[in-house]
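Student: What follows is entry-v7.cif, made up of mmCIF, C-alpha atoms:
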```cif
data_structure
#
loop_
_atom_site.group_PDB
_atom_site.id
_atom_site.type_symbol
_atom_site.label_atom_id
_atom_site.label_comp_id
_atom_site.auth_asym_id
_atom_site.auth_seq_id
_atom_site.Cartn_x
_atom_site.Cartn_y
_atom_site.Cartn_z
ATOM 1 C CA MET O 1 -16.659 8.803 11.958
ATOM 2 C CA VAL O 2 -19.405 10.975 10.500
ATOM 3 C CA ARG O 3 -21.742 10.062 13.388
ATOM 4 C CA PHE O 4 -19.095 11.131 15.899
ATOM 5 C CA GLN O 5 -18.511 14.450 14.141
ATOM 6 C CA VAL O 6 -22.222 15.228 13.966
ATOM 7 C CA VAL O 7 -22.803 14.328 17.624
ATOM 8 C CA LEU O 8 -19.702 16.223 18.760
ATOM 9 C CA ILE O 9 -20.633 19.325 16.757
ATOM 10 C CA PHE O 10 -24.184 19.151 18.124
ATOM 11 C CA PHE O 11 -22.856 18.662 21.659
ATOM 12 C CA LEU O 12 -20.410 21.556 21.397
ATOM 13 C CA CYS O 13 -23.075 23.816 19.899
ATOM 14 C CA TYR O 14 -25.593 23.231 22.651
ATOM 15 C CA VAL O 15 -23.035 23.563 25.420
ATOM 16 C CA ALA O 16 -21.920 26.851 23.902
ATOM 17 C CA ALA O 17 -25.489 28.082 23.469
ATOM 18 C CA PRO O 18 -26.710 30.814 25.809
ATOM 19 C CA PRO O 19 -29.093 29.767 28.574
ATOM 20 C CA PRO O 20 -32.786 30.488 27.982
ATOM 21 C CA ALA O 21 -32.822 33.539 30.263
ATOM 22 C CA ALA O 22 -30.372 35.205 27.875
ATOM 23 C CA THR O 23 -32.539 34.443 24.861
ATOM 24 C CA GLY O 24 -35.917 35.281 26.368
ATOM 25 C CA SER O 25 -37.207 31.676 26.314
ATOM 26 C CA SER O 26 -39.066 30.206 29.249
ATOM 27 C CA THR O 27 -37.092 28.717 32.105
ATOM 28 C CA ASN O 28 -37.733 25.823 34.423
ATOM 29 C CA LYS O 29 -37.227 26.452 38.159
ATOM 30 C CA LEU O 30 -36.406 22.787 38.686
ATOM 31 C CA VAL O 31 -33.417 23.149 36.357
ATOM 32 C CA ASP O 32 -32.081 25.964 38.530
ATOM 33 C CA LYS O 33 -32.583 23.860 41.661
ATOM 34 C CA ILE O 34 -30.804 20.874 40.086
ATOM 35 C CA CYS O 35 -27.949 22.853 38.568
ATOM 36 C CA ASN O 36 -27.258 24.637 41.853
ATOM 37 C CA GLN O 37 -26.334 21.206 43.257
ATOM 38 C CA THR O 38 -23.854 20.320 40.503
ATOM 39 C CA PHE O 39 -20.163 21.162 40.336
ATOM 40 C CA ASN O 40 -20.609 23.312 37.208
ATOM 41 C CA TYR O 41 -23.826 25.333 37.211
ATOM 42 C CA THR O 42 -23.272 26.943 33.793
ATOM 43 C CA PHE O 43 -22.478 23.651 32.079
ATOM 44 C CA CYS O 44 -25.557 22.087 33.685
ATOM 45 C CA VAL O 45 -27.948 24.828 32.559
ATOM 46 C CA GLN O 46 -26.563 24.914 29.030
ATOM 47 C CA ALA O 47 -26.589 21.132 28.699
ATOM 48 C CA LEU O 48 -30.140 20.683 29.971
ATOM 49 C CA TYR O 49 -31.543 23.538 27.878
ATOM 50 C CA SER O 50 -29.965 22.033 24.778
ATOM 51 C CA ASP O 51 -32.977 19.733 24.815
ATOM 52 C CA PRO O 52 -36.260 21.387 23.750
ATOM 53 C CA ARG O 53 -38.212 19.370 26.346
ATOM 54 C CA THR O 54 -36.437 21.043 29.268
ATOM 55 C CA PRO O 55 -38.471 24.267 29.703
ATOM 56 C CA THR O 56 -41.645 22.293 30.467
ATOM 57 C CA ALA O 57 -40.112 19.103 31.895
ATOM 58 C CA ASP O 58 -40.850 17.731 35.331
ATOM 59 C CA ALA O 59 -38.279 15.714 37.311
ATOM 60 C CA TYR O 60 -39.060 12.576 35.318
ATOM 61 C CA GLY O 61 -38.596 14.415 32.014
ATOM 62 C CA LEU O 62 -35.332 15.967 33.209
ATOM 63 C CA ALA O 63 -34.095 12.515 34.178
ATOM 64 C CA PHE O 64 -34.658 11.350 30.589
ATOM 65 C CA VAL O 65 -32.938 14.483 29.263
ATOM 66 C CA SER O 66 -29.897 14.202 31.533
ATOM 67 C CA PHE O 67 -29.371 10.457 31.075
ATOM 68 C CA GLY O 68 -29.925 10.846 27.334
ATOM 69 C CA LEU O 69 -27.256 13.544 27.105
ATOM 70 C CA ALA O 70 -24.813 11.437 29.112
ATOM 71 C CA TYR O 71 -25.503 8.460 26.867
ATOM 72 C CA LEU O 72 -24.950 10.537 23.709
ATOM 73 C CA ASN O 73 -21.643 11.777 25.101
ATOM 74 C CA ALA O 74 -20.488 8.284 26.069
ATOM 75 C CA THR O 75 -21.365 6.707 22.719
ATOM 76 C CA ALA O 76 -19.796 9.600 20.788
ATOM 77 C CA THR O 77 -16.653 9.153 22.856
ATOM 78 C CA GLN O 78 -16.649 5.434 22.071
ATOM 79 C CA ASP O 79 -16.798 6.288 18.368
ATOM 80 C CA HIS O 80 -13.978 8.797 18.770
ATOM 81 C CA ILE O 81 -11.817 6.250 20.607
ATOM 82 C CA ALA O 82 -12.371 3.733 17.782
ATOM 83 C CA GLN O 83 -11.389 6.390 15.260
ATOM 84 C CA LEU O 84 -8.203 7.220 17.188
ATOM 85 C CA LEU O 85 -7.298 3.542 17.532
ATOM 86 C CA ASN O 86 -7.608 3.128 13.746
ATOM 87 C CA ASP O 87 -5.563 6.256 13.036
ATOM 88 C CA SER O 88 -2.091 5.320 11.822
ATOM 89 C CA THR O 89 -0.605 8.462 13.399
ATOM 90 C CA THR O 90 -1.682 7.453 16.931
ATOM 91 C CA THR O 91 1.380 6.298 18.856
ATOM 92 C CA ALA O 92 1.584 2.842 20.429
ATOM 93 C CA ASN O 93 1.671 4.466 23.874
ATOM 94 C CA HIS O 94 -1.545 6.383 23.176
ATOM 95 C CA LYS O 95 -3.176 3.289 21.673
ATOM 96 C CA ARG O 96 -2.486 1.371 24.881
ATOM 97 C CA ARG O 97 -4.117 4.147 26.887
ATOM 98 C CA LEU O 98 -7.014 4.410 24.435
ATOM 99 C CA LYS O 99 -7.710 0.686 24.808
ATOM 100 C CA LEU O 100 -8.094 1.256 28.552
ATOM 101 C CA CYS O 101 -10.506 4.086 27.767
ATOM 102 C CA GLN O 102 -12.367 1.867 25.320
ATOM 103 C CA HIS O 103 -13.001 -0.561 28.184
ATOM 104 C CA ASP O 104 -13.959 2.300 30.538
ATOM 105 C CA TYR O 105 -16.459 3.746 28.081
ATOM 106 C CA SER O 106 -17.954 0.329 27.428
ATOM 107 C CA LYS O 107 -18.739 0.202 31.160
ATOM 108 C CA ALA O 108 -20.123 3.761 31.069
ATOM 109 C CA VAL O 109 -22.438 3.025 28.137
ATOM 110 C CA SER O 110 -23.669 -0.168 29.803
ATOM 111 C CA ALA O 111 -24.410 1.703 33.035
ATOM 112 C CA LEU O 112 -26.255 4.469 31.181
ATOM 113 C CA GLU O 113 -28.268 1.953 29.146
ATOM 114 C CA GLU O 114 -29.271 0.212 32.373
ATOM 115 C CA ALA O 115 -30.231 3.573 33.890
ATOM 116 C CA TYR O 116 -32.363 4.426 30.858
ATOM 117 C CA ASP O 117 -34.085 1.030 31.114
ATOM 118 C CA ASP O 118 -34.711 1.713 34.805
ATOM 119 C CA LEU O 119 -36.242 5.075 33.932
ATOM 120 C CA ASN O 120 -38.519 3.433 31.381
ATOM 121 C CA SER O 121 -39.706 0.957 34.003
ATOM 122 C CA GLU O 122 -39.932 3.678 36.669
ATOM 123 C CA THR O 123 -37.337 1.928 38.818
ATOM 124 C CA PHE O 124 -35.332 4.753 40.332
ATOM 125 C CA PHE O 125 -33.282 3.231 43.153
ATOM 126 C CA GLN O 126 -30.129 2.485 41.152
ATOM 127 C CA LEU O 127 -30.051 5.624 38.991
ATOM 128 C CA ALA O 128 -27.555 7.607 41.091
ATOM 129 C CA LYS O 129 -25.284 4.588 41.428
ATOM 130 C CA LEU O 130 -25.357 3.949 37.675
ATOM 131 C CA ALA O 131 -24.608 7.601 36.933
ATOM 132 C CA GLY O 132 -21.725 7.339 39.380
ATOM 133 C CA HIS O 133 -20.372 4.371 37.406
ATOM 134 C CA ALA O 134 -20.404 6.488 34.244
ATOM 135 C CA ALA O 135 -18.559 9.332 36.010
ATOM 136 C CA ALA O 136 -16.013 6.872 37.402
ATOM 137 C CA ALA O 137 -15.408 5.512 33.900
ATOM 138 C CA ALA O 138 -14.615 9.034 32.665
ATOM 139 C CA ASP O 139 -12.240 9.538 35.602
ATOM 140 C CA ASP O 140 -10.561 6.183 34.924
ATOM 141 C CA CYS O 141 -10.110 7.070 31.267
ATOM 142 C CA GLN O 142 -8.611 10.437 32.148
ATOM 143 C CA SER O 143 -6.271 8.713 34.613
ATOM 144 C CA ALA O 144 -5.021 6.488 31.799
ATOM 145 C CA PHE O 145 -3.388 9.603 30.327
ATOM 146 C CA LYS O 146 -1.808 10.717 33.593
ATOM 147 C CA GLY O 147 1.849 11.516 33.064
ATOM 148 C CA THR O 148 1.372 12.469 29.428
ATOM 149 C CA HIS O 149 1.268 15.974 28.041
ATOM 150 C CA TYR O 150 -1.972 15.427 26.186
ATOM 151 C CA SER O 151 -5.223 13.526 26.582
ATOM 152 C CA PRO O 152 -7.214 13.417 23.344
ATOM 153 C CA LEU O 153 -10.314 12.675 25.431
ATOM 154 C CA ALA O 154 -9.998 15.334 28.140
ATOM 155 C CA VAL O 155 -12.979 17.415 27.012
ATOM 156 C CA MET O 156 -15.209 14.395 26.489
ATOM 157 C CA ASN O 157 -14.166 12.908 29.838
ATOM 158 C CA TYR O 158 -14.968 16.171 31.579
ATOM 159 C CA SER O 159 -18.308 16.388 29.786
ATOM 160 C CA LEU O 160 -19.314 12.854 30.763
ATOM 161 C CA LYS O 161 -18.324 13.514 34.354
ATOM 162 C CA ALA O 162 -20.346 16.757 34.408
ATOM 163 C CA LEU O 163 -23.354 15.141 32.702
ATOM 164 C CA SER O 164 -23.179 12.219 35.115
ATOM 165 C CA ASN O 165 -23.122 14.699 37.980
ATOM 166 C CA ILE O 166 -26.380 16.157 36.660
ATOM 167 C CA CYS O 167 -27.810 12.626 36.457
ATOM 168 C CA VAL O 168 -26.863 11.940 40.084
ATOM 169 C CA VAL O 169 -28.559 15.139 41.271
ATOM 170 C CA VAL O 170 -31.713 14.417 39.267
ATOM 171 C CA SER O 171 -31.731 10.822 40.518
ATOM 172 C CA LYS O 172 -31.725 11.937 44.115
ATOM 173 C CA ILE O 173 -35.102 13.610 43.544
ATOM 174 C CA PHE O 174 -36.608 10.123 43.261
ATOM 175 C CA THR O 175 -35.022 8.526 46.344
#
```
Would you put the structure from the file into structure tokens?
Tutor:
Amino acid sequence: MVRFQVVLIFFLCYVAAPPPAATGSSTNKLVDKICNQTFNYTFCVQALYSDPRTPTADAYGLAFVSFGLAYLNATATQDHIAQLLNDSTTTANHKRRLKLCQHDYSKAVSALEEAYDDLNSETFFQLAKLAGHAAAAADDCQSAFKGTHYSPLAVMNYSLKALSNICVVVSKIFT
């Protein structure tokens, strides 16, 4: 539980942080090019610049940053799901939906681990597909809560989908 809280607080802090242009730090033109191709430019810029390697990173470095951020989100969400499943106040209906999400996030983490291994071995052909699997897992998890008034994972699902979108765009640089 503590790991989840630390990762979530870190994640929320860097997403809420101002982009480097607002703080006077150096910027990376490749980040602008990548983020212009995502569905949420502001989220993309803030997420990528949360990593101190970003201002000087090339495409390869940004691939490690983006897949690393997606992996951190997915594993933090897994921890949060486990916490919710163990919470005695979680309803049986929500627990059923959370178990579906637990399976979805297991697939997302596996895909992101495989992508990271591919990056380490400089095998780029499957990166976009693997990032797509992670995004699909977030969508599937969110769909598990369709018809309810509340999804306890909505923000994390959106974040994984947005981070995966960044990963897809970065991956396309290599293919």
Student: For the structure provided, state which residues fall under the PyMOL selection byres ((chain O and resi 81-94) around 10), and present them as a PyMOL selection string.
Tutor: chain O and resi 1+4+75-80+95-102+105+144-145+148+150-153
Student: Would you pick out the contacts of Tyr60 of chain O at 12 Å or less, using only C-alpha atoms, so that residues sharing its chain but fewer than 2 positions from it are not included, and give the list as number ranges by chain?
Tutor: O: 30, 53-54, 56-58, 62-67, 116, 118-124, 127, 167, 170-174
Student: Interatomic distance between atom CA of Lys29 of chain O and atom CA of Pro55 of chain O?
Tutor: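 Atom-to-atom, atom CA of Lys29 of chain O to atom CA of Pro55 of chain O, that is 8.8 Å.
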Student: How many Å lie between atom CA of Ala47 of chain O and atom CA of Lys146 of chain O, rounded to one decimal?
Tutor: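 Here the two named atoms are 27.3 Å from each other.
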Student: Using only C-alpha atoms, which residues sit within 12 Å of Asn40 of chain O once same-chain residues fewer than 3 positions away are excluded, as a tab-separated table (two decimals) with C-alpha atoms, keeping the file's coordinate frame?
Tutor:
```tsv
chain	number	residue	atom	x	y	z
O	32	ASP	CA	-32.08	25.96	38.53
O	34	ILE	CA	-30.80	20.87	40.09
O	35	CYS	CA	-27.95	22.85	38.57
O	36	ASN	CA	-27.26	24.64	41.85
O	37	GLN	CA	-26.33	21.21	43.26
O	43	PHE	CA	-22.48	23.65	32.08
O	44	CYS	CA	-25.56	22.09	33.68
O	45	VAL	CA	-27.95	24.83	32.56
O	46	GLN	CA	-26.56	24.91	29.03
O	47	ALA	CA	-26.59	21.13	28.70
O	158	TYR	CA	-14.97	16.17	31.58
O	159	SER	CA	-18.31	16.39	29.79
O	161	LYS	CA	-18.32	13.51	34.35
O	162	ALA	CA	-20.35	16.76	34.41
O	163	LEU	CA	-23.35	15.14	32.70
O	164	SER	CA	-23.18	12.22	35.12
O	165	ASN	CA	-23.12	14.70	37.98
O	166	ILE	CA	-26.38	16.16	36.66
```
Student: If the PyMOL selection byres ((chain O and resi 112) around 8) were run on this exact file, what residues would it hold? Put them as a list in words.
Tutor: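 Checked against the file, the PyMOL selection byres ((chain O and resi 112) around 8) matches Phe67, Ala70, Tyr71, Ala108, Val109, Ser110, Ala111, Glu113, Glu114, Ala115, Tyr116, Leu130, Ala131 and Ala134 of chain O.
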Student: Go ahead and write the residues just picked, C-alpha atoms, as a tab-separated table (two decimals), keeping the file's coordinate frame.
Tutor:
```
chain	number	residue	atom	x	y	z
O	67	PHE	CA	-29.37	10.46	31.08
O	70	ALA	CA	-24.81	11.44	29.11
O	71	TYR	CA	-25.50	8.46	26.87
O	108	ALA	CA	-20.12	3.76	31.07
O	109	VAL	CA	-22.44	3.02	28.14
O	110	SER	CA	-23.67	-0.17	29.80
O	111	ALA	CA	-24.41	1.70	33.03
O	113	GLU	CA	-28.27	1.95	29.15
O	114	GLU	CA	-29.27	0.21	32.37
O	115	ALA	CA	-30.23	3.57	33.89
O	116	TYR	CA	-32.36	4.43	30.86
O	130	LEU	CA	-25.36	3.95	37.67
O	131	ALA	CA	-24.61	7.60	36.93
O	134	ALA	CA	-20.40	6.49	34.24
```
Student: Closest to Tyr41 of chain O among O:Thr175, O:Ala137, O:Val169, O:His149, using all atoms listed in the file?
Tutor: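 Between O:Thr175, O:Ala137, O:Val169, O:His149, the residue approaching Tyr41 of chain O most closely is O:Val169.
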Student: When you draw a straight line from atom CA of His133 of chain O to atom CA of Asp104 of chain O, how long is it in Å?
Tutor: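 It comes out at 9.6 Å.
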